[in-house]
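Shown next: upload.txt, given as compact mmCIF, C-alpha atoms and all ligand atoms.
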```
# COMPACT_ATOMS: atom_id res chain seq x y z
CA MET C 70 -20.97 -34.09 -98.44
CA SER C 71 -17.83 -35.99 -97.44
CA ALA C 72 -17.14 -36.70 -93.79
CA ILE C 73 -13.46 -35.96 -94.35
CA SER C 74 -11.71 -33.45 -96.61
CA VAL C 75 -8.01 -33.11 -97.26
CA LEU C 76 -6.73 -29.66 -98.20
CA GLY C 77 -3.46 -29.72 -100.14
CA ALA C 78 -2.85 -32.34 -102.81
CA GLY C 79 0.85 -32.92 -102.28
CA ALA C 80 2.29 -36.37 -101.73
CA PHE C 81 1.09 -36.67 -98.14
CA GLY C 82 -2.40 -35.23 -98.50
CA THR C 83 -3.01 -37.44 -101.53
CA ALA C 84 -1.73 -40.56 -99.75
CA LEU C 85 -3.94 -39.93 -96.70
CA ALA C 86 -6.96 -39.32 -98.90
CA ILE C 87 -6.33 -42.55 -100.84
CA SER C 88 -5.90 -44.63 -97.69
CA LEU C 89 -9.05 -43.25 -96.03
CA ALA C 90 -11.13 -43.62 -99.19
CA ARG C 91 -9.94 -47.19 -99.81
CA ASP C 92 -12.06 -48.22 -96.83
CA GLY C 93 -15.10 -46.88 -98.73
CA ARG C 94 -15.33 -43.58 -96.82
CA ALA C 95 -16.40 -40.52 -98.79
CA VAL C 96 -13.30 -38.31 -98.90
CA THR C 97 -12.77 -35.02 -100.74
CA LEU C 98 -9.31 -33.93 -101.85
CA TRP C 99 -9.02 -30.19 -102.52
CA ALA C 100 -6.28 -28.94 -104.83
CA ARG C 101 -5.53 -25.55 -106.36
CA ASP C 102 -5.30 -27.20 -109.77
CA PRO C 103 -7.48 -30.34 -109.76
CA ALA C 104 -8.20 -30.77 -113.49
CA ASP C 105 -5.50 -33.32 -114.32
CA MET C 106 -6.14 -35.38 -111.18
CA ALA C 107 -9.90 -35.42 -111.76
CA LEU C 108 -9.32 -36.69 -115.31
CA THR C 109 -6.55 -39.24 -114.75
CA ARG C 110 -7.63 -40.29 -111.22
CA GLN C 111 -4.07 -40.08 -109.93
CA ASN C 112 -1.66 -37.39 -108.75
CA ALA C 113 0.94 -37.71 -111.49
CA ARG C 114 3.06 -34.82 -110.19
CA ARG C 115 3.42 -35.60 -106.47
CA LEU C 116 2.40 -39.25 -106.03
CA PRO C 117 2.44 -41.02 -109.40
CA GLY C 118 1.25 -44.59 -109.83
CA PHE C 119 -1.53 -44.72 -107.21
CA ARG C 120 -5.05 -44.79 -108.62
CA PHE C 121 -7.74 -42.94 -106.66
CA PRO C 122 -10.46 -45.15 -105.09
CA GLU C 123 -14.00 -44.48 -106.31
CA SER C 124 -15.12 -42.78 -103.10
CA LEU C 125 -12.37 -40.14 -103.40
CA ALA C 126 -13.68 -36.91 -104.95
CA VAL C 127 -11.30 -34.25 -106.26
CA THR C 128 -12.31 -30.59 -106.25
CA GLY C 129 -10.90 -27.13 -106.72
CA ASP C 130 -13.88 -25.58 -104.95
CA LEU C 131 -12.84 -24.77 -101.40
CA SER C 132 -16.38 -23.86 -100.32
CA GLU C 133 -17.41 -27.44 -101.17
CA ALA C 134 -14.44 -29.07 -99.41
CA VAL C 135 -14.90 -27.17 -96.14
CA LYS C 136 -18.37 -28.65 -95.64
CA ALA C 137 -16.74 -31.76 -94.12
CA PRO C 138 -16.67 -31.75 -90.31
CA ILE C 139 -13.10 -33.15 -90.29
CA ILE C 140 -10.52 -31.37 -92.43
CA LEU C 141 -6.92 -32.51 -92.82
CA LEU C 142 -4.50 -29.67 -93.61
CA ALA C 143 -1.59 -31.05 -95.65
CA LEU C 144 0.20 -27.94 -96.88
CA PRO C 145 3.87 -27.16 -96.23
CA LEU C 146 3.98 -25.58 -92.76
CA GLN C 147 5.25 -22.17 -93.91
CA LYS C 148 2.18 -21.94 -96.21
CA MET C 149 -0.38 -22.85 -93.57
CA ALA C 150 -0.92 -19.49 -91.86
CA PRO C 151 -1.19 -17.44 -95.09
CA PHE C 152 -3.63 -20.05 -96.46
CA LEU C 153 -5.83 -19.99 -93.34
CA GLU C 154 -5.75 -16.19 -93.16
CA GLU C 155 -6.77 -15.83 -96.79
CA ASN C 156 -9.63 -18.33 -96.36
CA ARG C 157 -10.50 -17.57 -92.75
CA ALA C 158 -14.22 -17.15 -93.49
CA HIS C 159 -14.47 -20.80 -94.58
CA PHE C 160 -13.25 -22.16 -91.26
CA THR C 161 -15.91 -22.06 -88.60
CA ASN C 162 -16.58 -25.04 -86.36
CA GLN C 163 -14.78 -27.86 -88.20
CA THR C 164 -12.00 -29.95 -86.69
CA LEU C 165 -8.77 -28.93 -88.42
CA VAL C 166 -6.14 -31.67 -88.31
CA ALA C 167 -2.63 -30.39 -89.03
CA CYS C 168 -0.59 -32.93 -90.99
CA SER C 169 2.35 -30.56 -91.58
CA LYS C 170 5.65 -30.93 -89.76
CA GLY C 171 7.35 -27.66 -88.98
CA VAL C 172 7.74 -24.46 -87.00
CA GLU C 173 6.92 -21.11 -88.60
CA ILE C 174 9.95 -18.90 -89.25
CA SER C 175 8.15 -15.59 -88.90
CA SER C 176 6.50 -16.38 -85.55
CA GLY C 177 7.98 -19.56 -84.02
CA ARG C 178 4.46 -21.07 -83.96
CA GLY C 179 3.61 -24.69 -84.59
CA PRO C 180 0.47 -25.77 -86.50
CA ALA C 181 -1.89 -26.14 -83.50
CA GLU C 182 -1.17 -22.57 -82.39
CA ILE C 183 -1.53 -21.27 -85.95
CA ILE C 184 -4.95 -22.91 -86.23
CA ALA C 185 -6.09 -21.72 -82.79
CA GLU C 186 -5.06 -18.12 -83.48
CA ILE C 187 -6.40 -17.77 -87.01
CA CYS C 188 -9.49 -19.98 -86.71
CA PRO C 189 -10.59 -19.63 -83.07
CA ASP C 190 -13.95 -21.36 -83.63
CA ALA C 191 -12.35 -24.47 -85.15
CA THR C 192 -11.00 -27.39 -83.11
CA PRO C 193 -7.26 -27.97 -83.66
CA ALA C 194 -5.67 -31.43 -83.86
CA VAL C 195 -2.31 -32.80 -84.98
CA LEU C 196 -1.50 -35.97 -86.95
CA SER C 197 2.14 -37.02 -86.98
CA GLY C 198 4.48 -39.99 -86.89
CA PRO C 199 6.68 -42.16 -89.12
CA SER C 200 5.07 -42.63 -92.54
CA PHE C 201 6.27 -41.98 -96.05
CA ALA C 202 3.46 -40.96 -98.40
CA VAL C 203 4.39 -43.75 -100.84
CA ASP C 204 4.15 -46.36 -98.07
CA ILE C 205 0.69 -45.16 -97.05
CA ALA C 206 -0.49 -45.04 -100.67
CA ALA C 207 0.88 -48.54 -101.31
CA GLY C 208 -1.24 -49.87 -98.44
CA LEU C 209 1.78 -50.78 -96.28
CA PRO C 210 1.18 -50.83 -92.50
CA THR C 211 1.89 -47.61 -90.59
CA ALA C 212 1.32 -46.31 -87.06
CA LEU C 213 0.81 -42.61 -86.32
CA THR C 214 -0.30 -40.43 -83.42
CA ILE C 215 -3.40 -38.24 -83.40
CA ALA C 216 -3.34 -35.49 -80.78
CA ALA C 217 -6.24 -33.29 -79.74
CA ARG C 218 -7.95 -32.08 -76.60
CA ASN C 219 -10.45 -34.94 -77.11
CA PRO C 220 -8.71 -37.35 -79.52
CA GLU C 221 -10.94 -40.45 -79.28
CA PRO C 222 -13.56 -39.56 -81.94
CA LEU C 223 -10.78 -38.54 -84.32
CA GLN C 224 -8.85 -41.72 -83.63
CA ARG C 225 -11.89 -43.71 -84.71
CA ALA C 226 -12.67 -41.50 -87.71
CA LEU C 227 -9.15 -41.47 -89.15
CA THR C 228 -7.96 -45.03 -88.52
CA SER C 229 -7.83 -46.92 -91.82
CA ALA C 230 -6.94 -50.42 -92.97
CA ASN C 231 -3.23 -49.53 -93.09
CA ILE C 232 -3.00 -46.56 -90.67
CA ARG C 233 -3.18 -47.54 -87.01
CA LEU C 234 -3.65 -44.44 -84.86
CA TYR C 235 -2.54 -43.99 -81.28
CA ARG C 236 -4.09 -41.08 -79.40
CA SER C 237 -2.58 -38.34 -77.26
CA THR C 238 -3.68 -35.07 -75.70
CA ASP C 239 -0.16 -33.58 -75.99
CA MET C 240 -0.50 -31.54 -79.19
CA THR C 241 2.72 -29.61 -78.49
CA GLY C 242 4.76 -32.79 -78.04
CA VAL C 243 3.30 -34.50 -81.11
CA GLU C 244 3.78 -31.53 -83.42
CA LEU C 245 7.29 -30.77 -82.16
CA GLY C 246 8.38 -34.42 -82.47
CA GLY C 247 7.51 -34.32 -86.17
CA ALA C 248 8.97 -30.86 -86.76
CA LEU C 249 12.26 -31.27 -84.90
CA LYS C 250 13.20 -34.69 -86.29
CA ASN C 251 13.51 -33.11 -89.73
CA ILE C 252 16.44 -30.98 -88.53
CA VAL C 253 18.25 -34.05 -87.20
CA ALA C 254 17.49 -35.93 -90.45
CA ILE C 255 19.25 -33.17 -92.39
CA ALA C 256 22.24 -33.34 -90.02
CA CYS C 257 22.44 -37.13 -90.43
CA GLY C 258 22.23 -36.80 -94.23
CA ILE C 259 25.08 -34.29 -94.17
CA ALA C 260 27.22 -36.64 -92.06
CA MET C 261 26.57 -39.62 -94.33
CA GLY C 262 26.99 -37.56 -97.52
CA ALA C 263 30.32 -36.21 -96.31
CA GLY C 264 31.54 -39.71 -95.44
CA LEU C 265 31.71 -39.14 -91.68
CA GLY C 266 30.39 -42.66 -91.04
CA GLU C 267 27.56 -44.46 -89.32
CA SER C 268 29.00 -43.91 -85.83
CA ALA C 269 28.77 -40.15 -86.41
CA ARG C 270 25.17 -40.58 -87.56
CA ALA C 271 24.26 -42.51 -84.40
CA ALA C 272 25.87 -39.77 -82.31
CA LEU C 273 23.91 -37.08 -84.16
CA MET C 274 20.63 -38.99 -83.80
CA THR C 275 21.18 -39.37 -80.05
CA ARG C 276 22.40 -35.85 -79.32
CA GLY C 277 19.78 -34.49 -81.75
CA TYR C 278 17.12 -36.37 -79.81
CA ALA C 279 18.44 -34.82 -76.56
CA GLU C 280 18.05 -31.34 -78.04
CA MET C 281 14.60 -32.14 -79.44
CA ASN C 282 13.61 -33.02 -75.88
CA ARG C 283 15.13 -29.84 -74.43
CA PHE C 284 13.25 -27.64 -76.87
CA ALA C 285 9.94 -29.50 -76.59
CA ARG C 286 10.06 -29.62 -72.80
CA ALA C 287 10.67 -25.85 -72.66
CA ARG C 288 7.44 -25.46 -74.66
CA GLY C 289 5.49 -27.61 -72.23
CA ALA C 290 5.60 -30.96 -74.07
CA ASP C 291 5.64 -34.24 -72.16
CA PRO C 292 9.05 -35.94 -72.76
CA GLU C 293 7.21 -39.29 -73.03
CA THR C 294 5.50 -38.01 -76.16
CA LEU C 295 8.89 -37.46 -77.78
CA ALA C 296 9.76 -41.09 -77.01
CA GLY C 297 6.74 -42.17 -79.08
CA LEU C 298 5.90 -42.43 -82.76
CA SER C 299 6.08 -38.70 -83.40
CA GLY C 300 9.59 -38.21 -82.07
CA PHE C 301 11.75 -41.29 -81.67
CA GLY C 302 9.70 -43.20 -84.27
CA ASP C 303 9.94 -40.55 -86.98
CA LEU C 304 13.58 -39.81 -86.10
CA ALA C 305 14.47 -43.47 -86.67
CA LEU C 306 12.67 -43.46 -90.05
CA THR C 307 13.94 -40.23 -91.53
CA CYS C 308 17.54 -40.35 -90.28
CA THR C 309 18.12 -43.69 -91.99
CA SER C 310 16.17 -43.63 -95.27
CA GLU C 311 16.99 -41.92 -98.54
CA LYS C 312 13.22 -41.76 -99.14
CA SER C 313 13.22 -38.88 -96.63
CA ARG C 314 13.52 -35.56 -98.43
CA ASN C 315 15.17 -33.99 -95.40
CA TYR C 316 17.77 -36.75 -95.20
CA ALA C 317 18.29 -36.62 -98.99
CA PHE C 318 18.75 -32.83 -98.79
CA GLY C 319 21.43 -33.39 -96.13
CA LEU C 320 23.08 -36.05 -98.29
CA ALA C 321 23.24 -33.59 -101.20
CA LEU C 322 24.74 -30.90 -98.96
CA GLY C 323 27.29 -33.39 -97.61
CA ARG C 324 28.27 -34.54 -101.09
CA GLY C 325 28.27 -31.03 -102.54
CA ASP C 326 25.52 -32.01 -105.04
CA ARG C 327 22.95 -29.69 -106.63
CA ILE C 328 19.85 -28.98 -104.52
CA ASN C 329 16.41 -29.57 -106.09
CA ASP C 330 14.28 -26.56 -105.13
CA ASP C 331 10.98 -28.12 -106.25
CA VAL C 332 10.99 -30.41 -103.22
CA THR C 333 9.39 -29.68 -99.83
CA ILE C 334 12.18 -29.80 -97.22
CA GLU C 335 10.50 -28.70 -94.00
CA GLY C 336 13.62 -29.07 -91.83
CA ARG C 337 15.46 -26.29 -93.65
CA GLU C 338 13.01 -23.58 -92.52
CA THR C 339 12.28 -25.27 -89.20
CA ALA C 340 16.00 -25.28 -88.31
CA LYS C 341 16.02 -21.49 -88.76
CA ALA C 342 12.83 -21.01 -86.75
CA VAL C 343 14.01 -23.26 -83.94
CA SER C 344 17.56 -21.82 -83.73
CA LYS C 345 16.07 -18.34 -83.48
CA ALA C 346 13.53 -19.31 -80.80
CA ALA C 347 16.11 -21.35 -78.87
CA LYS C 348 18.57 -18.44 -78.76
CA THR C 349 15.88 -16.15 -77.39
CA ALA C 350 14.87 -18.72 -74.76
CA GLY C 351 18.47 -19.68 -73.86
CA ILE C 352 18.11 -23.32 -75.00
CA ASP C 353 21.25 -25.08 -76.25
CA MET C 354 20.57 -26.39 -79.80
CA PRO C 355 23.99 -27.10 -81.39
CA VAL C 356 22.70 -29.50 -84.07
CA ALA C 357 20.01 -27.09 -85.28
CA GLU C 358 22.51 -24.21 -85.32
CA ILE C 359 25.07 -26.16 -87.33
CA VAL C 360 22.42 -27.28 -89.86
CA VAL C 361 21.47 -23.63 -90.44
CA ALA C 362 25.13 -22.60 -90.77
CA ILE C 363 25.91 -25.37 -93.30
CA ALA C 364 22.71 -24.85 -95.32
CA GLU C 365 23.46 -21.13 -95.56
CA GLY C 366 27.07 -21.81 -96.57
CA LYS C 367 28.45 -20.05 -93.50
CA VAL C 368 30.60 -22.99 -92.39
CA THR C 369 32.15 -25.94 -94.21
CA ILE C 370 31.49 -29.47 -93.03
CA THR C 371 35.06 -29.73 -91.73
CA GLN C 372 34.53 -26.58 -89.67
CA ALA C 373 31.15 -27.91 -88.45
CA VAL C 374 32.78 -31.13 -87.18
CA GLU C 375 35.44 -29.06 -85.38
CA ILE C 376 32.78 -26.85 -83.80
CA LEU C 377 30.73 -29.82 -82.54
CA LEU C 378 33.73 -31.80 -81.27
CA SER C 379 35.36 -28.86 -79.50
CA ARG C 380 32.30 -27.97 -77.42
CA PRO C 381 32.93 -28.07 -73.65
CA LEU C 382 32.84 -31.61 -72.25
CA LYS C 383 29.63 -32.27 -70.31
CA GLU C 384 27.53 -34.87 -68.57
CA GLU C 385 25.24 -36.89 -70.86
N1 LIG C 401 5.53 -36.74 -98.07
C1 LIG C 401 5.55 -37.43 -96.93
O1 LIG C 401 5.95 -38.61 -96.92
C2 LIG C 401 5.08 -36.81 -95.66
C3 LIG C 401 4.85 -35.45 -95.56
N2 LIG C 401 4.45 -34.91 -94.38
C4 LIG C 401 4.23 -33.48 -94.22
O2 LIG C 401 3.16 -33.07 -95.05
C5 LIG C 401 3.34 -31.70 -95.42
C6 LIG C 401 3.13 -31.57 -96.91
O3 LIG C 401 4.15 -32.34 -97.49
P1 LIG C 401 4.00 -33.08 -98.89
O4 LIG C 401 2.60 -33.38 -99.21
O5 LIG C 401 4.93 -34.22 -98.88
O6 LIG C 401 4.56 -31.94 -99.86
P2 LIG C 401 4.52 -31.84 -101.43
O7 LIG C 401 5.71 -31.05 -101.81
O8 LIG C 401 4.35 -33.18 -102.05
O9 LIG C 401 3.21 -31.01 -101.71
C7 LIG C 401 2.91 -29.78 -101.18
C8 LIG C 401 1.58 -29.39 -101.76
O10 LIG C 401 1.12 -28.21 -101.15
C9 LIG C 401 0.50 -27.43 -102.15
N3 LIG C 401 0.54 -26.03 -101.76
C10 LIG C 401 1.62 -25.27 -101.48
N4 LIG C 401 1.23 -24.02 -101.16
C11 LIG C 401 -0.12 -24.01 -101.20
C12 LIG C 401 -1.10 -23.02 -100.98
N5 LIG C 401 -0.78 -21.78 -100.61
N6 LIG C 401 -2.39 -23.34 -101.15
C13 LIG C 401 -2.74 -24.58 -101.53
N7 LIG C 401 -1.85 -25.57 -101.76
C14 LIG C 401 -0.56 -25.29 -101.61
C15 LIG C 401 1.34 -27.69 -103.39
O11 LIG C 401 0.61 -27.39 -104.56
C16 LIG C 401 1.62 -29.17 -103.26
O12 LIG C 401 0.62 -29.92 -103.88
C17 LIG C 401 4.74 -31.30 -94.94
O13 LIG C 401 4.65 -30.57 -93.77
C18 LIG C 401 5.41 -32.65 -94.67
O14 LIG C 401 6.38 -32.57 -93.66
C19 LIG C 401 4.24 -35.69 -93.29
C20 LIG C 401 4.45 -37.04 -93.34
C21 LIG C 401 4.87 -37.71 -94.54
O1 LIG C 402 7.95 -37.02 -92.26
C1 LIG C 402 8.12 -37.89 -93.07
C2 LIG C 402 7.95 -39.32 -92.77
O2 LIG C 402 7.38 -39.52 -91.51
C3 LIG C 402 8.55 -37.54 -94.44
O3 LIG C 402 9.84 -37.11 -94.34
P1 LIG C 402 10.46 -36.10 -95.41
O4 LIG C 402 9.64 -34.85 -95.36
O5 LIG C 402 11.87 -35.92 -94.95
O6 LIG C 402 10.39 -36.79 -96.73
```
Is it possible to express this structure as structure tokens?
Ligand SMILES: NC(=O)C1=CN([C@@H]2O[C@H](COP(=O)(O)OP(=O)(O)OC[C@H]3O[C@@H](n4cnc5c(N)ncnc54)[C@H](O)[C@@H]3O)[C@@H](O)[C@H]2O)C=CC1
Ligand SMILES: O=C(CO)COP(=O)(O)O
Amino acid sequence: MSAISVLGAGAFGTALAISLARDGRAVTLWARDPADMALTRQNARRLPGFRFPESLAVTGDLSEAVKAPIILLALPLQKMAPFLEENRAHFTNQTLVACSKGVEISSGRGPAEIIAEICPDATPAVLSGPSFAVDIAAGLPTALTIAARNPEPLQRALTSANIRLYRSTDMTGVELGGALKNIVAIACGIAMGAGLGESARAALMTRGYAEMNRFARARGADPETLAGLSGFGDLALTCTSEKSRNYAFGLALGRGDRINDDVTIEGRETAKAVSKAAKTAGIDMPVAEIVVAIAEGKVTITQAVEILLSRPLKEE
């Protein structure tokens, strides 16, 4: 039995499994369709070019994978609740570590709340921060935050040779930092794609960060958490790198290019979820609202700039 299992063999789940197993730990990676990976010992579809270490086992048998006491959930956020509901019987007293970055459209829930509601006997935790899957798989140094009610044992269990973990007890702040930065990354991509310039991007990052804080604080997060890796750190990474799928999606929107629908772009759904929840709670979220309006084709980029610049003047 492995001490750690990763459920979801996308780019991120695979990269985490590789990094943890490289230290010699027994890790199980569960995938819906494991045959090719088990044979070739790499994930040719989502993370090509990185060979699996020997101590990484691949399985399609969920009942085997859930025997591990620590389980990393690396599915797209909108898929997490249906997956847990369908397999509820498998999740008893394990620690379930959410690695997904998003807010659920149908309910406004983040991953820790989804886990707590669907699997009440499991212990929820959240892993988030600036890290591209390819960087982790390549063995490059990264620093992330692990949040849980009692994060110290997890911090020790999940630190690897190239993943340095900081701990926090603020699960809401850590999960919202990772979810909300994706919306701002899309906005920055749009600005750069449309040729609005780097000054506009800096303005969007800063005002986007202010609205991330407003939303997270209203949900009980500590603003200091947002200033950490899962917040400021991830914002800095994904608003400036074309390796970010959210930023690249924004770039394509800004340039008027075709959108690739086979790619996971968490910020698109999260922007909808957050705009809806913010309206209900009376929280001002102009960047999230404009991202939704542009992505749905309801306003042009010229109109979006006019809307943002003509807002009432206010104190910073
Ligand atoms: N790729 C990255 O660099 C990073 C990704 N993340 C987060 O990790 C999460 C997953 O992203 P990626 O791995 O990059 O996505 P991905 O698009 O590479 O893979 C998603 C995987 O989920 C699987 N999947 C989808 N629905 C499923 C279901 N119902 N049951 C079982 N498996 C299912 C797909 O088969 C696919 O393998 C996202 O929330 C993302 O924000 C976080 C940090 C870095
Ligand atoms: O969250 C990430 C890096 O920390 C990955 O960003 P994308 O989902 O935009 O590729």
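With distances taken over only C-alpha atoms, C:Ile252 is the one residue among C:Leu89, C:Ile252, C:Cys257, C:Val96 lying closest to C:Ile334.
Counting only C-alpha atoms and comparing C:Ala134, C:Leu265, C:Val166, C:Ile232, the residue that lies closest to C:Gly323 is C:Leu265.
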**Request:** Counting all atoms listed in the file, name the residues that have an atom within 6 Å of an atom of ligand LIG 401 (chain C); the answer should be given as a PyMOL selection string.
**Result:** chain C and resi 77-82+101+115+143-146+148+152+168-170+200-202+332-333+335
C-alpha atoms of the current selection, written as a PDB file, keeping the file's coordinate frame:
```
ATOM      1  CA  GLY C  77      -3.460 -29.720-100.140  1.00  0.00           C
ATOM      2  CA  ALA C  78      -2.850 -32.340-102.810  1.00  0.00           C
ATOM      3  CA  GLY C  79       0.850 -32.920-102.280  1.00  0.00           C
ATOM      4  CA  ALA C  80       2.290 -36.370-101.730  1.00  0.00           C
ATOM      5  CA  PHE C  81       1.090 -36.670 -98.140  1.00  0.00           C
ATOM      6  CA  GLY C  82      -2.400 -35.230 -98.500  1.00  0.00           C
ATOM      7  CA  ARG C 101      -5.530 -25.550-106.360  1.00  0.00           C
ATOM      8  CA  ARG C 115       3.420 -35.600-106.470  1.00  0.00           C
ATOM      9  CA  ALA C 143      -1.590 -31.050 -95.650  1.00  0.00           C
ATOM     10  CA  LEU C 144       0.200 -27.940 -96.880  1.00  0.00           C
ATOM     11  CA  PRO C 145       3.870 -27.160 -96.230  1.00  0.00           C
ATOM     12  CA  LEU C 146       3.980 -25.580 -92.760  1.00  0.00           C
ATOM     13  CA  LYS C 148       2.180 -21.940 -96.210  1.00  0.00           C
ATOM     14  CA  PHE C 152      -3.630 -20.050 -96.460  1.00  0.00           C
ATOM     15  CA  CYS C 168      -0.590 -32.930 -90.990  1.00  0.00           C
ATOM     16  CA  SER C 169       2.350 -30.560 -91.580  1.00  0.00           C
ATOM     17  CA  LYS C 170       5.650 -30.930 -89.760  1.00  0.00           C
ATOM     18  CA  SER C 200       5.070 -42.630 -92.540  1.00  0.00           C
ATOM     19  CA  PHE C 201       6.270 -41.980 -96.050  1.00  0.00           C
ATOM     20  CA  ALA C 202       3.460 -40.960 -98.400  1.00  0.00           C
ATOM     21  CA  VAL C 332      10.990 -30.410-103.220  1.00  0.00           C
ATOM     22  CA  THR C 333       9.390 -29.680 -99.830  1.00  0.00           C
ATOM     23  CA  GLU C 335      10.500 -28.700 -94.000  1.00  0.00           C
TER      24      GLU C 335
END
```
**Prompt:** Which residues, written as a count of residues only, have at least one atom at most 12 Å from C:Ala194, with all atoms listed in the file counted and residues fewer than 2 positions away on the same chain left out?
**Reply:** 42
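Taking all atoms listed in the file into account, ligand LIG 402 (chain C) has within 6 Å the residues Gly198, Pro199, Ser200, Phe201, Asp303, Thr307, Ser313, Arg314, Asn315, Tyr316 and Ile334 of chain C.
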**Request:** Excluding C:Arg276 and any residue of its chain fewer than 4 positions from it, enumerate the residues within 8 Å of it, using all atoms listed in the file, and give them as a PyMOL selection string.
**Result:** chain C and resi 272+280+356
With 5 Å of padding per side, what axis-aligned box (centre and edge lengths, Å, one decimal) covers all the listed atoms of stretch 157-171 of chain C? Give it as JSON.
```
{"center_x": -4.6, "center_y": -25.0, "center_z": -90.5, "size_x": 33.9, "size_y": 25.8, "size_z": 18.2}
```
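Using all atoms listed in the file for every distance, the candidate list C:Leu213, C:Ile259, C:Ala290, C:Ile328 yields C:Ile259 as the residue closest to C:Ile370.
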**Fill in**
If you count all atoms listed in the file, the residue of C:Asp331, C:Arg91, C:Lys250, C:Gly289 closest to C:Arg114 turns out to be C:Asp331
**Request:** Go ahead and find all residues with at least one atom no further than 9 Å from (-20.7, -36.0, -99.9) in the file's coordinates, using all atoms listed in the file; report them as a count of residues only.
**Result:** 9
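You will find atom CA of C:Glu311 at 24.9 Å from atom CA of C:Leu234.
Rounded to one decimal, atom CA of C:Thr211 and atom CA of C:Ala248 lie 18.6 Å from each other.
Ranking C:Cys308, C:Arg233, C:Glu173, C:Asn329 by their shortest atom-to-atom distance to C:Met149, with all atoms listed in the file included, puts C:Glu173 first.
Taking atom CA of C:Val127 and atom CA of C:Asp92 as the two end points, the separation is 16.9 Å.
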